[in-house]
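File shown here: run.txt, holding compact mmCIF, C-alpha atoms.
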```txt
# COMPACT_ATOMS: atom_id res chain seq x y z
CA MET A 1 175.10 25.91 43.78
CA THR A 2 175.10 28.99 45.98
CA THR A 3 174.33 28.44 49.64
CA ARG A 4 173.73 31.68 51.52
CA ALA A 5 173.72 32.81 55.14
CA PHE A 6 172.42 36.11 56.51
CA VAL A 7 174.33 37.37 59.55
CA PHE A 8 173.60 40.19 61.99
CA PRO A 9 176.08 42.60 63.63
CA GLY A 10 176.73 43.06 67.34
CA GLN A 11 177.60 45.94 69.64
CA GLY A 12 180.29 48.28 68.38
CA SER A 13 178.70 48.66 64.93
CA GLN A 14 176.47 51.54 66.06
CA THR A 15 177.04 55.04 64.64
CA ILE A 16 175.07 58.27 64.81
CA GLY A 17 172.85 58.53 61.75
CA MET A 18 172.38 54.79 61.40
CA GLY A 19 169.07 53.88 59.82
CA LYS A 20 168.28 57.51 58.88
CA ALA A 21 168.65 57.02 55.12
CA LEU A 22 166.56 53.84 55.37
CA ALA A 23 163.77 55.69 57.24
CA GLU A 24 163.83 58.50 54.66
CA THR A 25 163.72 56.09 51.71
CA TYR A 26 161.50 53.19 52.76
CA PRO A 27 158.17 53.17 54.64
CA GLU A 28 159.00 49.60 55.81
CA ALA A 29 162.04 50.93 57.69
CA ARG A 30 160.03 53.75 59.26
CA ALA A 31 157.45 51.20 60.44
CA VAL A 32 160.16 49.12 62.15
CA PHE A 33 161.65 52.14 63.93
CA ASP A 34 158.17 53.27 65.03
CA GLU A 35 157.41 49.79 66.39
CA VAL A 36 160.68 49.69 68.36
CA ASP A 37 160.10 53.21 69.75
CA GLN A 38 156.62 52.16 70.85
CA ALA A 39 157.81 48.85 72.34
CA LEU A 40 160.40 50.66 74.47
CA GLY A 41 158.36 53.75 75.28
CA GLN A 42 161.24 55.98 74.15
CA ASN A 43 162.25 57.87 71.03
CA LEU A 44 165.18 55.56 70.27
CA SER A 45 165.11 56.39 66.56
CA LYS A 46 165.83 60.06 67.35
CA ILE A 47 168.92 58.96 69.35
CA MET A 48 169.97 56.73 66.43
CA PHE A 49 169.58 59.49 63.85
CA ASP A 50 170.80 62.51 65.83
CA GLY A 51 172.70 61.27 68.89
CA PRO A 52 174.25 62.20 71.22
CA ASP A 53 176.85 59.47 70.74
CA ALA A 54 177.23 58.83 74.48
CA THR A 55 173.50 58.06 74.74
CA LEU A 56 173.47 55.76 71.70
CA ARG A 57 176.52 53.90 73.03
CA LEU A 58 174.75 53.00 76.29
CA THR A 59 174.33 49.24 76.13
CA GLU A 60 170.58 49.42 76.76
CA ASN A 61 170.19 51.71 73.71
CA ALA A 62 172.85 50.30 71.37
CA GLN A 63 171.46 46.75 71.52
CA PRO A 64 167.84 47.44 70.44
CA ALA A 65 169.05 50.15 68.03
CA LEU A 66 171.30 47.75 66.12
CA MET A 67 168.51 45.17 65.97
CA ALA A 68 166.13 47.85 64.64
CA VAL A 69 168.45 48.71 61.73
CA SER A 70 168.91 45.01 60.91
CA MET A 71 165.15 44.43 60.95
CA ALA A 72 164.55 47.52 58.80
CA VAL A 73 166.84 45.96 56.16
CA VAL A 74 165.03 42.60 56.50
CA LYS A 75 161.60 44.20 56.02
CA ILE A 76 162.76 46.19 52.97
CA LEU A 77 164.16 43.01 51.42
CA GLU A 78 160.93 41.12 52.20
CA LYS A 79 158.87 43.83 50.45
CA ASN A 80 161.05 43.16 47.40
CA GLY A 81 160.63 39.39 47.47
CA ILE A 82 163.90 38.54 49.27
CA THR A 83 163.14 36.45 52.38
CA ILE A 84 165.17 34.59 54.98
CA ALA A 85 163.21 31.39 54.30
CA LYS A 86 163.61 31.48 50.51
CA ASN A 87 167.01 33.10 50.10
CA SER A 88 169.17 31.72 52.93
CA ALA A 89 170.06 28.37 54.46
CA PHE A 90 171.19 29.70 57.86
CA VAL A 91 171.19 32.78 60.07
CA ALA A 92 173.75 33.80 62.69
CA GLY A 93 174.45 36.90 64.74
CA HIS A 94 177.33 38.25 66.81
CA SER A 95 176.23 38.43 70.46
CA LEU A 96 173.12 40.66 70.47
CA GLY A 97 173.00 39.92 66.71
CA GLU A 98 171.61 36.49 67.61
CA TYR A 99 168.40 38.21 68.71
CA ALA A 100 168.18 40.10 65.40
CA ALA A 101 168.84 36.81 63.56
CA LEU A 102 166.02 35.09 65.46
CA CYS A 103 163.66 38.02 64.85
CA ALA A 104 164.52 37.98 61.13
CA ALA A 105 163.90 34.22 60.98
CA GLY A 106 160.46 34.60 62.56
CA SER A 107 161.27 33.20 66.03
CA LEU A 108 160.54 36.43 67.89
CA SER A 109 158.38 39.47 67.22
CA ILE A 110 160.05 42.86 66.76
CA THR A 111 158.36 44.18 69.93
CA ASP A 112 159.52 41.23 72.04
CA THR A 113 163.04 41.41 70.60
CA ALA A 114 163.34 45.14 71.34
CA GLN A 115 162.15 44.63 74.91
CA LEU A 116 164.44 41.60 75.44
CA LEU A 117 167.45 43.60 74.23
CA LYS A 118 166.56 46.58 76.43
CA THR A 119 166.40 44.18 79.40
CA ARG A 120 169.64 42.50 78.31
CA GLY A 121 171.46 45.82 77.92
CA LYS A 122 170.32 47.08 81.33
CA ALA A 123 171.11 43.76 83.05
CA MET A 124 174.59 43.58 81.52
CA GLN A 125 175.28 47.18 82.52
CA GLN A 126 174.10 46.62 86.09
CA ALA A 127 175.85 43.27 86.61
CA VAL A 128 179.21 44.91 87.36
CA PRO A 129 179.82 48.35 88.94
CA VAL A 130 181.40 50.80 86.49
CA GLY A 131 185.20 50.62 86.63
CA GLU A 132 185.37 47.11 88.11
CA GLY A 133 185.32 45.30 84.78
CA ALA A 134 187.08 45.71 81.44
CA MET A 135 187.58 44.10 78.03
CA ALA A 136 190.67 44.03 75.85
CA ALA A 137 191.39 43.01 72.27
CA ILE A 138 194.44 40.82 71.73
CA LEU A 139 195.63 41.00 68.14
CA GLY A 140 198.18 38.88 66.36
CA VAL A 141 198.39 35.77 68.56
CA SER A 142 196.65 32.41 68.18
CA PHE A 143 193.45 31.55 70.03
CA ASP A 144 195.35 29.04 72.19
CA ASP A 145 197.93 31.67 73.15
CA ALA A 146 195.17 34.16 74.03
CA LYS A 147 193.46 31.50 76.15
CA GLU A 148 196.74 30.83 77.98
CA VAL A 149 197.19 34.59 78.57
CA ALA A 150 193.69 34.77 80.10
CA GLU A 151 194.43 31.82 82.41
CA LEU A 152 197.76 33.30 83.56
CA ALA A 153 196.20 36.76 84.11
CA ARG A 154 193.44 35.45 86.39
CA GLN A 155 195.30 35.12 89.71
CA GLY A 156 192.01 34.50 91.51
CA ALA A 157 190.06 37.11 89.54
CA VAL A 158 187.86 36.66 86.45
CA CYS A 159 189.60 36.80 83.06
CA ASP A 160 187.77 34.88 80.33
CA VAL A 161 188.03 34.69 76.57
CA ALA A 162 184.89 36.56 75.50
CA ASN A 163 185.08 36.59 71.71
CA ASP A 164 186.99 34.49 69.20
CA ASN A 165 186.29 36.93 66.37
CA ALA A 166 188.77 35.87 63.70
CA PRO A 167 192.26 34.33 63.49
CA GLY A 168 194.52 36.72 65.41
CA GLN A 169 191.63 38.70 66.92
CA VAL A 170 190.54 37.56 70.36
CA VAL A 171 188.81 39.56 73.11
CA VAL A 172 189.23 38.92 76.84
CA SER A 173 186.85 40.10 79.55
CA GLY A 174 186.80 40.23 83.34
CA HIS A 175 188.02 42.18 86.35
CA ALA A 176 189.86 45.36 85.34
CA ALA A 177 193.12 44.44 87.09
CA ALA A 178 193.17 40.98 85.49
CA ILE A 179 192.55 42.50 82.05
CA GLU A 180 195.47 44.92 82.60
CA ARG A 181 197.65 41.89 83.44
CA ALA A 182 196.40 40.11 80.30
CA ILE A 183 197.42 43.07 78.14
CA GLU A 184 200.99 42.95 79.48
CA LEU A 185 201.18 39.15 79.20
CA ALA A 186 199.88 39.27 75.63
CA LYS A 187 202.51 41.80 74.63
CA ALA A 188 205.19 39.58 76.19
CA LYS A 189 203.79 36.68 74.12
CA GLY A 190 204.33 38.65 70.93
CA ALA A 191 200.87 40.14 70.34
CA LYS A 192 200.95 42.84 67.65
CA ARG A 193 198.59 44.90 69.81
CA ALA A 194 196.74 44.45 73.08
CA LEU A 195 194.44 47.28 74.04
CA LEU A 196 191.49 48.10 76.26
CA LEU A 197 188.15 48.36 74.47
CA PRO A 198 185.84 51.36 75.03
CA VAL A 199 183.02 49.31 76.58
CA SER A 200 180.87 50.05 79.61
CA ALA A 201 180.90 46.52 81.06
CA PRO A 202 182.83 43.21 80.80
CA PHE A 203 180.59 41.20 78.48
CA HIS A 204 180.69 37.42 77.91
CA CYS A 205 182.49 36.46 81.11
CA ALA A 206 181.59 34.95 84.49
CA LEU A 207 180.93 38.44 85.95
CA MET A 208 177.77 38.57 83.81
CA SER A 209 176.01 35.85 85.86
CA PRO A 210 173.37 38.27 87.26
CA ALA A 211 172.54 39.32 83.68
CA ALA A 212 172.22 35.67 82.63
CA GLU A 213 169.65 35.14 85.41
CA ALA A 214 167.74 38.23 84.28
CA MET A 215 167.67 36.94 80.69
CA GLU A 216 166.52 33.49 81.75
CA ALA A 217 163.50 35.11 83.43
CA ALA A 218 162.84 37.47 80.48
CA LEU A 219 163.15 34.76 77.82
CA ALA A 220 160.75 32.50 79.73
CA MET A 221 158.05 35.16 79.33
CA VAL A 222 158.10 35.55 75.53
CA ALA A 223 156.58 33.44 72.77
CA MET A 224 159.25 31.85 70.57
CA GLN A 225 158.74 29.90 67.34
CA ALA A 226 161.26 27.67 65.61
CA PRO A 227 163.24 29.83 63.14
CA CYS A 228 162.43 29.34 59.44
CA VAL A 229 166.09 28.37 58.90
CA PRO A 230 168.53 27.11 61.57
CA LEU A 231 170.44 29.57 63.77
CA VAL A 232 174.17 28.89 64.10
CA SER A 233 174.56 29.48 67.84
CA ASN A 234 177.35 31.67 69.29
CA VAL A 235 178.14 29.28 72.13
CA LEU A 236 177.98 26.06 70.08
CA ALA A 237 179.10 27.15 66.59
CA THR A 238 176.57 24.62 65.27
CA PRO A 239 172.96 25.07 64.09
CA ILE A 240 169.92 24.86 66.38
CA SER A 241 166.18 25.27 65.75
CA ASP A 242 164.37 24.06 68.87
CA PRO A 243 162.94 27.03 70.84
CA THR A 244 163.71 25.41 74.21
CA GLU A 245 167.34 24.97 73.25
CA ILE A 246 167.53 28.44 71.70
CA ARG A 247 166.36 29.98 74.99
CA ARG A 248 168.96 27.98 76.92
CA ARG A 249 171.80 28.96 74.60
CA LEU A 250 170.80 32.64 74.70
CA VAL A 251 171.13 32.49 78.50
CA GLU A 252 174.52 30.72 78.23
CA GLN A 253 175.66 33.32 75.70
CA VAL A 254 175.55 36.12 78.31
CA THR A 255 178.50 34.61 80.23
CA GLY A 256 179.80 32.38 77.41
CA MET A 257 182.24 32.94 74.57
CA VAL A 258 181.11 34.16 71.15
CA ARG A 259 182.67 31.47 68.92
CA TRP A 260 182.53 33.56 65.77
CA THR A 261 185.57 32.05 64.04
CA GLN A 262 184.14 28.57 64.56
CA SER A 263 180.63 29.67 63.54
CA VAL A 264 181.82 31.06 60.19
CA THR A 265 184.06 28.02 59.72
CA TRP A 266 181.08 25.72 60.33
CA LEU A 267 178.96 27.68 57.84
CA ALA A 268 181.66 27.40 55.16
CA THR A 269 182.69 23.78 55.70
CA ASP A 270 179.74 21.84 57.19
CA GLY A 271 177.02 24.24 56.05
CA GLY A 272 178.39 24.62 52.52
CA VAL A 273 177.84 28.39 52.64
CA THR A 274 179.48 30.28 49.78
CA GLU A 275 177.83 33.69 50.28
CA MET A 276 177.33 35.65 53.49
CA PHE A 277 175.46 38.93 53.76
CA GLU A 278 175.62 41.12 56.86
CA LEU A 279 172.23 42.80 57.30
CA GLY A 280 172.28 46.02 59.32
CA ALA A 281 174.74 48.65 60.50
CA GLY A 282 178.43 48.59 59.62
CA LYS A 283 180.73 46.06 57.99
CA VAL A 284 182.44 44.38 60.97
CA LEU A 285 181.25 40.82 60.27
CA THR A 286 182.00 41.20 56.55
CA GLY A 287 185.61 42.04 57.40
CA LEU A 288 185.87 39.13 59.86
CA ALA A 289 184.44 36.67 57.30
CA LYS A 290 187.17 37.57 54.84
CA ARG A 291 189.79 36.87 57.52
CA ILE A 292 188.22 33.58 58.59
CA ASN A 293 187.53 32.01 55.20
CA ARG A 294 188.47 33.60 51.89
CA ASP A 295 186.26 31.15 49.98
CA ILE A 296 183.13 32.90 51.31
CA THR A 297 181.89 35.88 49.33
CA ALA A 298 180.92 38.37 52.04
CA GLY A 299 179.10 41.67 51.72
CA ALA A 300 177.44 44.27 53.95
CA VAL A 301 173.84 45.34 53.31
CA GLY A 302 172.89 48.40 55.32
CA THR A 303 172.46 51.37 52.96
CA PRO A 304 169.82 51.98 50.27
CA GLU A 305 172.49 51.43 47.60
CA GLU A 306 173.62 48.12 49.13
CA ILE A 307 170.01 46.99 49.49
CA ASP A 308 169.28 47.80 45.84
CA ALA A 309 172.38 45.90 44.76
CA LEU A 310 171.39 42.80 46.73
CA ILE A 311 167.82 42.89 45.42
CA ALA A 312 169.15 43.16 41.86
CA ALA A 313 171.62 40.32 42.42
CA LEU A 314 169.12 37.92 44.00
CA SER A 315 166.22 38.78 41.68
CA SER A 316 168.11 38.13 38.45
```
What's the structure tokens form of this structure?
Amino acid sequence: MTTRAFVFPGQGSQTIGMGKALAETYPEARAVFDEVDQALGQNLSKIMFDGPDATLRLTENAQPALMAVSMAVVKILEKNGITIAKNSAFVAGHSLGEYAALCAAGSLSITDTAQLLKTRGKAMQQAVPVGEGAMAAILGVSFDDAKEVAELARQGAVCDVANDNAPGQVVVSGHAAAIERAIELAKAKGAKRALLLPVSAPFHCALMSPAAEAMEAALAMVAMQAPCVPLVSNVLATPISDPTEIRRRLVEQVTGMVRWTQSVTWLATDGGVTEMFELGAGKVLTGLAKRINRDITAGAVGTPEEIDALIAALSS
């Protein structure tokens, strides 16, 4: 028997032109983009379709934009009889992707999700002055080695493991000087590559505490239902459905580690998932799934052609 999970991409998957073909092809996609534009009081869809890239990359724009593309895909699938409730056992999302996952599973409205992500993006950006924080990818060493590198690099500063993305792909986050030290230590430990990431703030580390407080306040103000299928939480790598706990874990996630390797491993082993579809922009999570567990059939669904293929496959 096929057990399926739908997963939702995080920051870094944004590109100029994303969602444009969907808006031109499907009225459901246009309706989502219009709703997000209205919720935010800005023409975000124009930035998504036409740029400039520097504006789209701003955290406060990239986060709701990526959610909008994911939700456009969800609404197109729903129009064609493919639903989260009927066609998947679990949802999960990478960082901001958790909000898209919850929106897709009926926990949050599109308007509330867009506004939460705008708040989240602004709060994360403002938590640390530009230039004081950094993030780096450490490739080709084990998670334990990367964790040890982060601990050695601290020297009284913040240097946390931010993302465990896949075996041999770990991201560290914190004070810029500590991250520079981590890069050198990782190379000495035999990392294939250790490089700074082009991000505007050090996400998923202790420096994000002000943003966590902002999200606690924002999340307390929105209506949240239990998702129609469980959400595999970033910080736990296990499924949750209770709205009170979901709120708490979304707050923890701002400073906590994205346990993506463990989340996909849980889905495959404990959850019995054999198929995983990434709904939205890009193919990052599809690539990671193949590195984490080759037994999972993973595919990206973000273009009209990919949507048609999935509808055909699940309708037959």
Quiz prompt | Neighbour list for stretch 37-53 of chain A as a ChimeraX atom specification, cut-off 6 Å, only C-alpha atoms, skip fewer than 2 positions in-chain | solution = /A:16-18,20,34-35,55-56,111
Quiz item: Skipping near chain neighbours, those fewer than 5 positions away, what residues fall within 9 Å of A:Asp308 using all atoms listed in the file, listed as a ChimeraX atom specification?
Solution: /A:77,303,313
Quiz item: From the list A:Ala105, A:Met71, A:Val222, A:Met135, which residue is nearest A:Val91 when using all atoms listed in the file?
Solution: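 Between A:Ala105, A:Met71, A:Val222, A:Met135, the residue approaching A:Val91 most closely is A:Ala105.
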Quiz item: Which residues come within 10 Å of A:Ser209, counting only C-alpha atoms, excluding same-chain residues fewer than 3 positions away, as a list in words?
Solution: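 With the cut-off at 10 Å, the set is Ala123, Met124, Ala127, Val128, His204, Cys205, Ala206, Ala212, Glu213, Ala214, Met215, Val251, Glu252, Val254, Thr255 and Gly256 of chain A.
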Take the residues just selected and output them with C-alpha atoms as a PDB file, keeping the file's coordinate frame.
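The resulting part_8.pdb:
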```pdb
ATOM      1  CA  ALA A 123     171.110  43.760  83.050  1.00  0.00           C
ATOM      2  CA  MET A 124     174.590  43.580  81.520  1.00  0.00           C
ATOM      3  CA  ALA A 127     175.850  43.270  86.610  1.00  0.00           C
ATOM      4  CA  VAL A 128     179.210  44.910  87.360  1.00  0.00           C
ATOM      5  CA  HIS A 204     180.690  37.420  77.910  1.00  0.00           C
ATOM      6  CA  CYS A 205     182.490  36.460  81.110  1.00  0.00           C
ATOM      7  CA  ALA A 206     181.590  34.950  84.490  1.00  0.00           C
ATOM      8  CA  ALA A 212     172.220  35.670  82.630  1.00  0.00           C
ATOM      9  CA  GLU A 213     169.650  35.140  85.410  1.00  0.00           C
ATOM     10  CA  ALA A 214     167.740  38.230  84.280  1.00  0.00           C
ATOM     11  CA  MET A 215     167.670  36.940  80.690  1.00  0.00           C
ATOM     12  CA  VAL A 251     171.130  32.490  78.500  1.00  0.00           C
ATOM     13  CA  GLU A 252     174.520  30.720  78.230  1.00  0.00           C
ATOM     14  CA  VAL A 254     175.550  36.120  78.310  1.00  0.00           C
ATOM     15  CA  THR A 255     178.500  34.610  80.230  1.00  0.00           C
ATOM     16  CA  GLY A 256     179.800  32.380  77.410  1.00  0.00           C
TER      17      GLY A 256
END
```
Quiz item: How would you write as a PyMOL selection string the residues that get within 12 Å of (170.1, 25.4, 64.7) in the file's frame, counting all atoms listed in the file?
Solution: chain A and resi 89-92+98+101-102+105+107+226-247+249+263+266-267+271
Exercise: A:Leu207 partners within 9 Å, only C-alpha atoms, chain neighbours under 4 positions left out, as a PDB file with C-alpha atoms, in the frame of the given file:
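Written file, result28.pdb:
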```
ATOM      1  CA  ALA A 127     175.850  43.270  86.610  1.00  0.00           C
ATOM      2  CA  VAL A 128     179.210  44.910  87.360  1.00  0.00           C
ATOM      3  CA  GLY A 133     185.320  45.300  84.780  1.00  0.00           C
ATOM      4  CA  VAL A 158     187.860  36.660  86.450  1.00  0.00           C
ATOM      5  CA  SER A 173     186.850  40.100  79.550  1.00  0.00           C
ATOM      6  CA  GLY A 174     186.800  40.230  83.340  1.00  0.00           C
ATOM      7  CA  HIS A 175     188.020  42.180  86.350  1.00  0.00           C
ATOM      8  CA  PRO A 202     182.830  43.210  80.800  1.00  0.00           C
ATOM      9  CA  PHE A 203     180.590  41.200  78.480  1.00  0.00           C
ATOM     10  CA  ALA A 211     172.540  39.320  83.680  1.00  0.00           C
ATOM     11  CA  THR A 255     178.500  34.610  80.230  1.00  0.00           C
TER      12      THR A 255
END
```
Would you kindly place N, CA and C atoms on stretch 56-81 of chain A and return the model as a PDB file, in the frame of the given file?
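So result_11.pdb came out as:
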```
ATOM      1  N   LEU A  56     173.625  56.922  72.595  1.00  0.00           N
ATOM      2  CA  LEU A  56     173.470  55.760  71.700  1.00  0.00           C
ATOM      3  C   LEU A  56     174.362  54.606  72.152  1.00  0.00           C
ATOM      4  N   ARG A  57     175.554  54.945  72.645  1.00  0.00           N
ATOM      5  CA  ARG A  57     176.520  53.900  73.030  1.00  0.00           C
ATOM      6  C   ARG A  57     176.106  53.132  74.279  1.00  0.00           C
ATOM      7  N   LEU A  58     175.222  53.717  75.101  1.00  0.00           N
ATOM      8  CA  LEU A  58     174.750  53.000  76.290  1.00  0.00           C
ATOM      9  C   LEU A  58     174.227  51.644  75.853  1.00  0.00           C
ATOM     10  N   THR A  59     174.654  50.602  76.532  1.00  0.00           N
ATOM     11  CA  THR A  59     174.330  49.240  76.130  1.00  0.00           C
ATOM     12  C   THR A  59     172.828  49.033  75.947  1.00  0.00           C
ATOM     13  N   GLU A  60     172.035  49.629  76.834  1.00  0.00           N
ATOM     14  CA  GLU A  60     170.580  49.420  76.760  1.00  0.00           C
ATOM     15  C   GLU A  60     169.959  50.098  75.544  1.00  0.00           C
ATOM     16  N   ASN A  61     170.670  51.069  74.943  1.00  0.00           N
ATOM     17  CA  ASN A  61     170.190  51.710  73.710  1.00  0.00           C
ATOM     18  C   ASN A  61     170.826  51.091  72.472  1.00  0.00           C
ATOM     19  N   ALA A  62     172.126  50.830  72.543  1.00  0.00           N
ATOM     20  CA  ALA A  62     172.850  50.300  71.370  1.00  0.00           C
ATOM     21  C   ALA A  62     172.267  48.961  70.915  1.00  0.00           C
ATOM     22  N   GLN A  63     171.905  48.103  71.889  1.00  0.00           N
ATOM     23  CA  GLN A  63     171.460  46.750  71.520  1.00  0.00           C
ATOM     24  C   GLN A  63     170.147  46.769  70.733  1.00  0.00           C
ATOM     25  N   PRO A  64     169.064  47.392  71.256  1.00  0.00           N
ATOM     26  CA  PRO A  64     167.840  47.440  70.440  1.00  0.00           C
ATOM     27  C   PRO A  64     167.998  48.280  69.173  1.00  0.00           C
ATOM     28  N   ALA A  65     168.860  49.292  69.214  1.00  0.00           N
ATOM     29  CA  ALA A  65     169.050  50.150  68.030  1.00  0.00           C
ATOM     30  C   ALA A  65     169.659  49.352  66.873  1.00  0.00           C
ATOM     31  N   LEU A  66     170.668  48.552  67.174  1.00  0.00           N
ATOM     32  CA  LEU A  66     171.300  47.750  66.120  1.00  0.00           C
ATOM     33  C   LEU A  66     170.325  46.719  65.561  1.00  0.00           C
ATOM     34  N   MET A  67     169.528  46.112  66.432  1.00  0.00           N
ATOM     35  CA  MET A  67     168.510  45.170  65.970  1.00  0.00           C
ATOM     36  C   MET A  67     167.504  45.875  65.054  1.00  0.00           C
ATOM     37  N   ALA A  68     167.121  47.105  65.428  1.00  0.00           N
ATOM     38  CA  ALA A  68     166.130  47.850  64.640  1.00  0.00           C
ATOM     39  C   ALA A  68     166.626  48.098  63.215  1.00  0.00           C
ATOM     40  N   VAL A  69     167.901  48.464  63.071  1.00  0.00           N
ATOM     41  CA  VAL A  69     168.450  48.710  61.730  1.00  0.00           C
ATOM     42  C   VAL A  69     168.477  47.396  60.940  1.00  0.00           C
ATOM     43  N   SER A  70     168.897  46.314  61.585  1.00  0.00           N
ATOM     44  CA  SER A  70     168.910  45.010  60.910  1.00  0.00           C
ATOM     45  C   SER A  70     167.506  44.628  60.440  1.00  0.00           C
ATOM     46  N   MET A  71     166.515  44.814  61.314  1.00  0.00           N
ATOM     47  CA  MET A  71     165.150  44.430  60.950  1.00  0.00           C
ATOM     48  C   MET A  71     164.560  45.360  59.889  1.00  0.00           C
ATOM     49  N   ALA A  72     164.978  46.612  59.884  1.00  0.00           N
ATOM     50  CA  ALA A  72     164.550  47.520  58.800  1.00  0.00           C
ATOM     51  C   ALA A  72     165.024  46.978  57.455  1.00  0.00           C
ATOM     52  N   VAL A  73     166.283  46.538  57.405  1.00  0.00           N
ATOM     53  CA  VAL A  73     166.840  45.960  56.160  1.00  0.00           C
ATOM     54  C   VAL A  73     166.046  44.708  55.779  1.00  0.00           C
ATOM     55  N   VAL A  74     165.780  43.843  56.763  1.00  0.00           N
ATOM     56  CA  VAL A  74     165.030  42.600  56.500  1.00  0.00           C
ATOM     57  C   VAL A  74     163.657  42.916  55.902  1.00  0.00           C
ATOM     58  N   LYS A  75     162.958  43.875  56.482  1.00  0.00           N
ATOM     59  CA  LYS A  75     161.600  44.200  56.020  1.00  0.00           C
ATOM     60  C   LYS A  75     161.611  44.822  54.622  1.00  0.00           C
ATOM     61  N   ILE A  76     162.626  45.617  54.319  1.00  0.00           N
ATOM     62  CA  ILE A  76     162.760  46.190  52.970  1.00  0.00           C
ATOM     63  C   ILE A  76     162.993  45.063  51.953  1.00  0.00           C
ATOM     64  N   LEU A  77     163.885  44.146  52.310  1.00  0.00           N
ATOM     65  CA  LEU A  77     164.160  43.010  51.420  1.00  0.00           C
ATOM     66  C   LEU A  77     162.895  42.175  51.210  1.00  0.00           C
ATOM     67  N   GLU A  78     162.156  41.916  52.306  1.00  0.00           N
ATOM     68  CA  GLU A  78     160.930  41.120  52.200  1.00  0.00           C
ATOM     69  C   GLU A  78     159.924  41.773  51.251  1.00  0.00           C
ATOM     70  N   LYS A  79     159.802  43.092  51.328  1.00  0.00           N
ATOM     71  CA  LYS A  79     158.870  43.830  50.450  1.00  0.00           C
ATOM     72  C   LYS A  79     159.265  43.616  48.985  1.00  0.00           C
ATOM     73  N   ASN A  80     160.544  43.348  48.759  1.00  0.00           N
ATOM     74  CA  ASN A  80     161.050  43.160  47.400  1.00  0.00           C
ATOM     75  C   ASN A  80     161.268  41.688  47.044  1.00  0.00           C
ATOM     76  N   GLY A  81     160.621  40.814  47.820  1.00  0.00           N
ATOM     77  CA  GLY A  81     160.630  39.390  47.470  1.00  0.00           C
ATOM     78  C   GLY A  81     161.836  38.602  47.933  1.00  0.00           C
TER      79      GLY A  81
END
```
